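**Student:** Have a look at the structure that comes next, please.
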Number of protein chains: 2
Amino acid sequence: MKNEQWERRIAYLGPEASFTYLATKGLFPHERLIPYTTIPECIEAVSKDAVDFAVVPVENALEGSVPLTVDYLYHEANLFVVGEVLSKIQQHLMVNKAQRNNWQNVEGIYSHPHALAQCHKYLFYRFSGVTLHQYSSTAAAAKLVADNPDRCIAAIGNTSSAEKYGLEIVEHNIHDFHFNHTRFFVLSKQNIRLPIENSQGNSKTTFMLTLPTDESGTLHQVLSVFAWRKLNLSKIESRPLKTGLGHYFFIIDIVADENESMMKGALEELASLGCTVKSLGTYYTYLTPE
Amino acid sequence: MKNEQWERRIAYLGPEASFTYLATKGLFPHERLIPYTTIPECIEAVSKDAVDFAVVPVENALEGSVPLTVDYLYHEANLFVVGEVLSKIQQHLMVNKAQRNNWQNVEGIYSHPHALAQCHKYLFYRFSGVTLHQYSSTAAAAKLVADNPDRCIAAIGNTSSAEKYGLEIVEHNIHDFHFNHTRFFVLSKQNIRLPIENSQGNSKTTFMLTLPTDESGTLHQVLSVFAWRKLNLSKIESRPLKTGLGHYFFIIDIVADENESMMKGALEELASLGCTVKSLGTYYTYLTPE
């Protein structure tokens with residue numbers, strides 16, 4: 001019997017059977033998982049102590065950063081990354097079992113915009129002319145197909161969506177690129193580190209950086225701080241500051257612990273250069289099994 | 001009377017009254033404008049000589065790069081940027097005139113995902129709990145509202161959409177950030193430059209760059225090539241290469257002409273460093289009047 005007092009609550013981007021649910025369930029198999037409808041709601045749930053952690057998608061190997069997550073963490077929230085989850089993404093075409101012999105005539109295909117984009121070539125060549133409908137999640141699209149057995153429509157999503165909503169997968173692995181992972185952040189109000197068994201690779205530090213001016217050469221100067229120390233950037237992406245075209249902040253991942261002396265020196269020098277640096281902390285990686 | 005033989009055909013991301021239409025009409029007031037449904041279709045129309053130019057959105061000050069445009073230009077197309085258009089984006093809430101006194105009770109709000117994101121705070125505080133529906137364009141959303149006078153729903157879009165579909169604007173300027181521009185590329189098969197009267201600023205060169213290795217310090221080395229020459233990067237953004245998390249290409253804008261000797265030297269050195277460089281050409285800027 002579980003002791004509810006000690007059970008941790010984890011917010012995730014729902015609904016159940018979403019890719020985020022699968023990632024969250026992998027890392028937190030025994031905790032209480034609570035679905036939220038939007039990424040800001042997940043993040044606010046942690047900020048307001050309604051949950052202990054939140055799991056949200058931050059980056060996909062094909063689509064790039066999830067703008068809402070990155071922008072909300074920069075502009076609105078004050079949280080730390082305490083772990084990350086890497087999950088392989090496989091997309092399948094699924095229909096209501098009542099339509100299993102008629103699926104080649106689908107008149108509409110429903111899924112999350114990212115999933116539709118991930119299957120762009122397949123859809124272009126195989127279902128050119130069929131209307132594509134953007135839905136809030138792959139699981140919500142699967143539910144719509146389950147709820148409408150009389151309509152000849154399809155959803156794109158994962159095996160878990162097909163199982164949960166009793167749909168038939170009629171084409172497997174319709175995503176255009178085979179190497180497709182999504183990366184999730186585990187967020188907390190405390191700057192701690194989740195201990196992760198069999199963690200992949202070394203610890204990693206993420207921070208967000210704004211340049212002092214937009215003179216030529218400032219990004220070069222900033223990168224010099226890391227280059228001579230041989231601190232390896234595993235990621236650098238830019239996002240608009242929302243103050244005008246050409247104004248950016250940068251999300252940088254360094255394969256190092258923020259408490260190492262080289263990292264401390266680098267972060268101090270960045271401040272001296274006039275950069276605004278917001279560290280999201282150092283964390284380990286959980287790789288979901290396939 | 002127009003001479004049809006000499007009339008140039010311009011593809012744009014439709015439908016009519018979209019933001020891209022307004023941008024295209026500003027730059028090409030007397031040409032034949034042809035709407036296409038998707039960004040890849042616009043780009044393919046130029047590649048296959050169905051049109052002379054295509055106008056597609058490439059970057060928004062709030063949302064960042066339009067991934068489909070950037071990725072398609074990198075992975076699929078072989079075109080040049082011959083001009084760019086900058087347009088101020090203003091979003092309004094509009095309803096069917098039959099619902100003009102009932103708009104505060106809307107049960108659904110329809111728009112393009114970018115427009116919904118641009119009004120995120122307004123919608124969060126003003127219409128929390130109302131379902132947001134992602135649509136292929138702001139104009140398509142306006143058309144839906146026009147076609148359904150009996151439903152209490154709203155669209156978010158520009159004044160031109162409201163006029164074209166006879167909708168009533170019930171709240172003006174509901175976008176969260178006031179400084180919001182979208183940038184459009186004018187694409188052609190020829191590496192020419194559109195002459196633009198009253199062009200804003202100097203000519204600009206855009207290219208796409210892939211780093212030779214992912215060793216630490218390579219991006220720093222690449223930026224050194226520009227820094228010591230005082231070549232100013234007005235933009236640097238990264239996009240995933242679609243070969244795995246952490247692999248990127250970079251879209252770089254330099255405020256300089258690719259035929260200047262400093263630029264030629266820089267591009268030659270990048271090749272020597274083992275970078276793959278794809279230049280999209282040098283071009284001028286058209287700023288649409290408000």
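Starting from 1 in every chain, residues are counted up; chains themselves are A, B, ... following the order of the structure tokens, and ligands are numbered from 1 as listed.
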Residues of chain A within 9 Å of chain B: nearest atom pair and distance (Å, one decimal) for each, counting only C-alpha atoms, sorted by chain and number, as a Markdown table?

**Tutor:**
| residue | atom | partner | partner_atom | distance |
| --- | --- | --- | --- | --- |
| A:Glu59 | CA | B:Leu245 | CA | 8.3 |
| A:Asn60 | CA | B:Leu245 | CA | 7.2 |
| A:Ala61 | CA | B:Leu245 | CA | 4.7 |
| A:Leu62 | CA | B:Lys242 | CA | 4.8 |
| A:Glu63 | CA | B:Pro240 | CA | 6.9 |
| A:Gly64 | CA | B:Pro240 | CA | 5.6 |
| A:Ser65 | CA | B:Arg239 | CA | 8.7 |
| A:Pro67 | CA | B:Glu63 | CA | 7.1 |
| A:Leu68 | CA | B:Ala117 | CA | 8.3 |
| A:Ala117 | CA | B:Leu68 | CA | 8.3 |
| A:His133 | CA | B:Tyr135 | CA | 7.8 |
| A:Gln134 | CA | B:Gln134 | CA | 6.0 |
| A:Tyr135 | CA | B:Gln134 | CA | 7.1 |
| A:Ser136 | CA | B:Gln134 | CA | 8.2 |
| A:Phe177 | CA | B:Lys242 | CA | 7.0 |
| A:His178 | CA | B:Thr243 | CA | 8.5 |
| A:Phe179 | CA | B:Gly244 | CA | 5.8 |
| A:Asn180 | CA | B:Gly244 | CA | 6.6 |
| A:His181 | CA | B:Leu245 | CA | 6.9 |
| A:Thr182 | CA | B:Leu245 | CA | 8.1 |
| A:Arg183 | CA | B:Leu245 | CA | 8.4 |
| A:Asp214 | CA | B:Ser234 | CA | 8.1 |
| A:Glu215 | CA | B:Asn232 | CA | 7.2 |
| A:Ser216 | CA | B:Asn232 | CA | 4.5 |
| A:Gly217 | CA | B:Ala227 | CA | 4.8 |
| A:Thr218 | CA | B:Ala227 | CA | 8.4 |
| A:Leu219 | CA | B:Leu223 | CA | 7.9 |
| A:His220 | CA | B:Leu223 | CA | 5.5 |
| A:Gln221 | CA | B:His220 | CA | 8.4 |
| A:Val222 | CA | B:His220 | CA | 8.8 |
| A:Leu223 | CA | B:His220 | CA | 5.5 |
| A:Ser224 | CA | B:His220 | CA | 6.4 |
| A:Phe226 | CA | B:Gly217 | CA | 7.6 |
| A:Ala227 | CA | B:Gly217 | CA | 4.8 |
| A:Trp228 | CA | B:Gly217 | CA | 7.9 |
| A:Lys230 | CA | B:Ser216 | CA | 6.1 |
| A:Leu231 | CA | B:Ser216 | CA | 6.6 |
| A:Asn232 | CA | B:Ser216 | CA | 4.5 |
| A:Leu233 | CA | B:Ser216 | CA | 6.4 |
| A:Ser234 | CA | B:Gly246 | CA | 5.9 |
| A:Lys235 | CA | B:Gly246 | CA | 5.6 |
| A:Ile236 | CA | B:Ser238 | CA | 7.3 |
| A:Glu237 | CA | B:Ser238 | CA | 5.4 |
| A:Ser238 | CA | B:Glu237 | CA | 5.4 |
| A:Arg239 | CA | B:Gly64 | CA | 6.1 |
| A:Pro240 | CA | B:Gly64 | CA | 5.6 |
| A:Leu241 | CA | B:Leu62 | CA | 7.3 |
| A:Lys242 | CA | B:Leu62 | CA | 4.8 |
| A:Thr243 | CA | B:Phe179 | CA | 6.2 |
| A:Gly244 | CA | B:Ala61 | CA | 5.4 |
| A:Leu245 | CA | B:Ala61 | CA | 4.7 |
| A:Gly246 | CA | B:Lys235 | CA | 5.6 |
| A:His247 | CA | B:Lys235 | CA | 8.1 |
| A:Tyr248 | CA | B:Lys235 | CA | 8.4 |

**Student:** Excluding region 141-158 of chain A and residues on its chain fewer than 4 positions from it, collect all residues at most 8 Å away from it, counting only C-alpha atoms, and give them as number ranges by chain.

**Tutor:** A: 18-19, 89-99, 102-103, 105-112, 115-116, 135-137, 162, 165-167

**Student:** Could you jot down the CA of Leu273 (chain B) to CA of Ile252 (chain A) separation for me, Å, one decimal place?

**Tutor:**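 Between these atoms lies a distance of 23.2 Å.
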
**Student:** Env of region 201-209 of chain B: 8 Å cut, atoms = only C-alpha atoms, seq-sep filter 3 positions within chain, self excluded. Answer as a VMD selection string.

**Tutor:** chain B and resid 74 81 249 to 258 275 to 285

**Student:** Write a file of the selected residues as a CSV table (one decimal), in the first residue's frame, keeping N, CA and C atoms.

**Tutor:**
chain,number,residue,atom,x,y,z
B,74,TYR,N,17.1,24.6,-47.3
B,74,TYR,CA,18.3,23.9,-47.0
B,74,TYR,C,18.4,22.5,-47.7
B,81,VAL,N,17.6,34.2,-52.7
B,81,VAL,CA,16.8,35.2,-52.2
B,81,VAL,C,17.1,36.5,-53.0
B,249,PHE,N,22.6,23.1,-38.6
B,249,PHE,CA,23.2,24.0,-39.5
B,249,PHE,C,22.8,25.4,-39.1
B,250,PHE,N,23.5,26.4,-39.6
B,250,PHE,CA,23.3,27.8,-39.2
B,250,PHE,C,22.9,28.6,-40.3
B,251,ILE,N,21.9,29.5,-40.1
B,251,ILE,CA,21.5,30.5,-41.1
B,251,ILE,C,22.1,31.8,-40.6
B,252,ILE,N,22.9,32.4,-41.5
B,252,ILE,CA,23.6,33.6,-41.1
B,252,ILE,C,23.3,34.7,-42.1
B,253,ASP,N,23.0,35.9,-41.6
B,253,ASP,CA,22.8,37.1,-42.4
B,253,ASP,C,24.0,38.0,-42.1
B,254,ILE,N,24.6,38.5,-43.1
B,254,ILE,CA,25.7,39.5,-43.0
B,254,ILE,C,25.3,40.7,-43.7
B,255,VAL,N,25.5,41.9,-43.0
B,255,VAL,CA,25.2,43.2,-43.6
B,255,VAL,C,26.4,43.6,-44.5
B,256,ALA,N,26.4,42.9,-45.7
B,256,ALA,CA,27.5,43.2,-46.7
B,256,ALA,C,27.1,42.5,-48.0
B,257,ASP,N,27.8,42.9,-49.1
B,257,ASP,CA,27.5,42.3,-50.4
B,257,ASP,C,28.4,41.2,-50.6
B,258,GLU,N,27.9,40.1,-51.1
B,258,GLU,CA,28.8,38.9,-51.3
B,258,GLU,C,29.9,39.1,-52.3
B,275,CYS,N,33.9,23.9,-43.8
B,275,CYS,CA,32.5,24.2,-43.7
B,275,CYS,C,31.8,24.0,-45.1
B,276,THR,N,30.6,23.6,-45.0
B,276,THR,CA,29.8,23.6,-46.2
B,276,THR,C,29.0,24.9,-46.2
B,277,VAL,N,29.1,25.7,-47.2
B,277,VAL,CA,28.5,27.0,-47.3
B,277,VAL,C,27.5,27.0,-48.5
B,278,LYS,N,26.3,27.4,-48.3
B,278,LYS,CA,25.3,27.5,-49.4
B,278,LYS,C,24.9,29.0,-49.3
B,279,SER,N,25.3,29.8,-50.3
B,279,SER,CA,24.9,31.2,-50.3
B,279,SER,C,23.6,31.3,-51.0
B,280,LEU,N,22.7,32.1,-50.4
B,280,LEU,CA,21.4,32.4,-51.0
B,280,LEU,C,21.4,33.7,-51.7
B,281,GLY,N,22.5,34.4,-51.7
B,281,GLY,CA,22.6,35.7,-52.5
B,281,GLY,C,22.5,36.9,-51.7
B,282,THR,N,22.7,38.1,-52.3
B,282,THR,CA,22.7,39.4,-51.7
B,282,THR,C,21.4,40.1,-52.2
B,283,TYR,N,20.7,40.9,-51.3
B,283,TYR,CA,19.4,41.4,-51.7
B,283,TYR,C,19.1,42.7,-50.9
B,284,TYR,N,18.1,43.4,-51.3
B,284,TYR,CA,17.7,44.6,-50.6
B,284,TYR,C,16.3,44.4,-49.9
B,285,THR,N,16.0,45.3,-49.0
B,285,THR,CA,14.8,45.2,-48.1
B,285,THR,C,13.7,46.1,-48.5

**Student:** Can you pull out every residue from region 118-225 of chain B that DSSP, working from the backbone, puts in strand (DSSP E or B), and format the result as a short mmCIF file (atom, residue, chain, number, x, y, z; two decimals) with N, CA, C and O atoms, in the first residue's frame?

**Tutor:**
data_model
loop_
_atom_site.label_atom_id
_atom_site.label_comp_id
_atom_site.auth_asym_id
_atom_site.auth_seq_id
_atom_site.Cartn_x
_atom_site.Cartn_y
_atom_site.Cartn_z
N THR B 131 -11.74 26.97 -26.03
CA THR B 131 -10.91 26.10 -26.87
C THR B 131 -10.28 26.89 -28.01
O THR B 131 -10.95 27.65 -28.70
N LEU B 132 -8.96 26.72 -28.19
CA LEU B 132 -8.24 27.36 -29.29
C LEU B 132 -8.05 26.32 -30.40
O LEU B 132 -7.59 25.21 -30.15
N HIS B 133 -8.42 26.70 -31.62
CA HIS B 133 -8.32 25.77 -32.75
C HIS B 133 -7.25 26.26 -33.72
O HIS B 133 -7.31 27.40 -34.19
N GLN B 134 -6.28 25.41 -34.01
CA GLN B 134 -5.22 25.78 -34.94
C GLN B 134 -5.73 25.60 -36.36
O GLN B 134 -6.28 24.56 -36.72
N ILE B 153 -18.30 31.89 -32.50
CA ILE B 153 -16.87 31.63 -32.55
C ILE B 153 -16.17 32.89 -33.05
O ILE B 153 -16.80 33.77 -33.62
N ALA B 154 -14.87 32.97 -32.81
CA ALA B 154 -14.09 34.14 -33.23
C ALA B 154 -12.85 33.70 -33.99
O ALA B 154 -12.42 32.55 -33.88
N ALA B 155 -12.32 34.62 -34.80
CA ALA B 155 -11.04 34.39 -35.47
C ALA B 155 -10.07 35.47 -35.02
O ALA B 155 -10.49 36.54 -34.59
N ILE B 156 -8.79 35.17 -35.14
CA ILE B 156 -7.75 36.18 -34.93
C ILE B 156 -7.04 36.39 -36.25
O ILE B 156 -6.66 35.41 -36.91
N GLY B 157 -6.91 37.66 -36.67
CA GLY B 157 -6.25 37.92 -37.95
C GLY B 157 -6.07 39.41 -38.20
O GLY B 157 -6.23 40.22 -37.28
N GLU B 168 -16.63 41.52 -38.04
CA GLU B 168 -16.53 42.70 -37.18
C GLU B 168 -15.37 42.52 -36.20
O GLU B 168 -15.30 41.54 -35.46
N ILE B 169 -14.47 43.49 -36.21
CA ILE B 169 -13.36 43.46 -35.25
C ILE B 169 -13.90 43.94 -33.90
O ILE B 169 -14.37 45.07 -33.80
N VAL B 170 -13.83 43.10 -32.87
CA VAL B 170 -14.37 43.46 -31.56
C VAL B 170 -13.28 43.84 -30.56
O VAL B 170 -13.54 44.48 -29.55
N GLU B 171 -12.03 43.43 -30.84
CA GLU B 171 -10.89 43.90 -30.03
C GLU B 171 -9.70 44.09 -30.97
O GLU B 171 -9.31 43.16 -31.69
N HIS B 181 7.28 42.13 -36.13
CA HIS B 181 7.40 42.13 -37.58
C HIS B 181 7.53 40.70 -38.09
O HIS B 181 8.04 39.84 -37.38
N THR B 182 7.08 40.48 -39.31
CA THR B 182 7.42 39.25 -39.99
C THR B 182 8.26 39.59 -41.20
O THR B 182 8.07 40.62 -41.84
N ARG B 183 9.20 38.71 -41.48
CA ARG B 183 10.13 38.90 -42.58
C ARG B 183 9.81 37.84 -43.64
O ARG B 183 9.59 36.68 -43.30
N PHE B 184 9.75 38.29 -44.89
CA PHE B 184 9.43 37.39 -45.99
C PHE B 184 10.59 37.35 -46.98
O PHE B 184 11.23 38.38 -47.23
N PHE B 185 10.88 36.19 -47.54
CA PHE B 185 11.87 36.05 -48.59
C PHE B 185 11.16 36.10 -49.95
O PHE B 185 10.09 35.48 -50.11
N VAL B 186 11.74 36.80 -50.92
CA VAL B 186 11.32 36.69 -52.31
C VAL B 186 12.33 35.77 -52.99
O VAL B 186 13.54 36.07 -52.99
N LEU B 187 11.85 34.65 -53.51
CA LEU B 187 12.73 33.60 -54.03
C LEU B 187 12.69 33.52 -55.55
O LEU B 187 11.64 33.75 -56.16
N SER B 188 13.83 33.20 -56.14
CA SER B 188 13.91 33.06 -57.60
C SER B 188 14.95 31.99 -57.94
O SER B 188 15.79 31.64 -57.11
N LYS B 204 22.14 42.94 -47.95
CA LYS B 204 22.34 41.89 -46.96
C LYS B 204 22.58 40.57 -47.70
O LYS B 204 22.01 40.36 -48.77
N THR B 205 23.41 39.73 -47.14
CA THR B 205 23.67 38.42 -47.74
C THR B 205 23.27 37.33 -46.76
O THR B 205 23.60 37.42 -45.58
N THR B 206 22.54 36.33 -47.23
CA THR B 206 22.15 35.21 -46.39
C THR B 206 22.84 33.94 -46.86
O THR B 206 22.88 33.67 -48.06
N PHE B 207 23.42 33.21 -45.91
CA PHE B 207 23.87 31.88 -46.31
C PHE B 207 23.65 30.86 -45.20
O PHE B 207 23.35 31.22 -44.06
N MET B 208 23.73 29.61 -45.60
CA MET B 208 23.51 28.50 -44.68
C MET B 208 24.82 27.75 -44.55
O MET B 208 25.47 27.46 -45.55
N LEU B 209 25.17 27.42 -43.33
CA LEU B 209 26.51 26.92 -43.06
C LEU B 209 26.45 25.67 -42.19
O LEU B 209 25.71 25.62 -41.21
N THR B 210 27.21 24.67 -42.58
CA THR B 210 27.34 23.46 -41.76
C THR B 210 28.77 23.37 -41.26
O THR B 210 29.70 23.57 -42.03
#

**Student:** Using only C-alpha atoms, which residue out of A:Ala11, A:Val70, A:Ala17, A:Ala271 lies closest to Ser47 (chain A)?

**Tutor:** A:Ala11
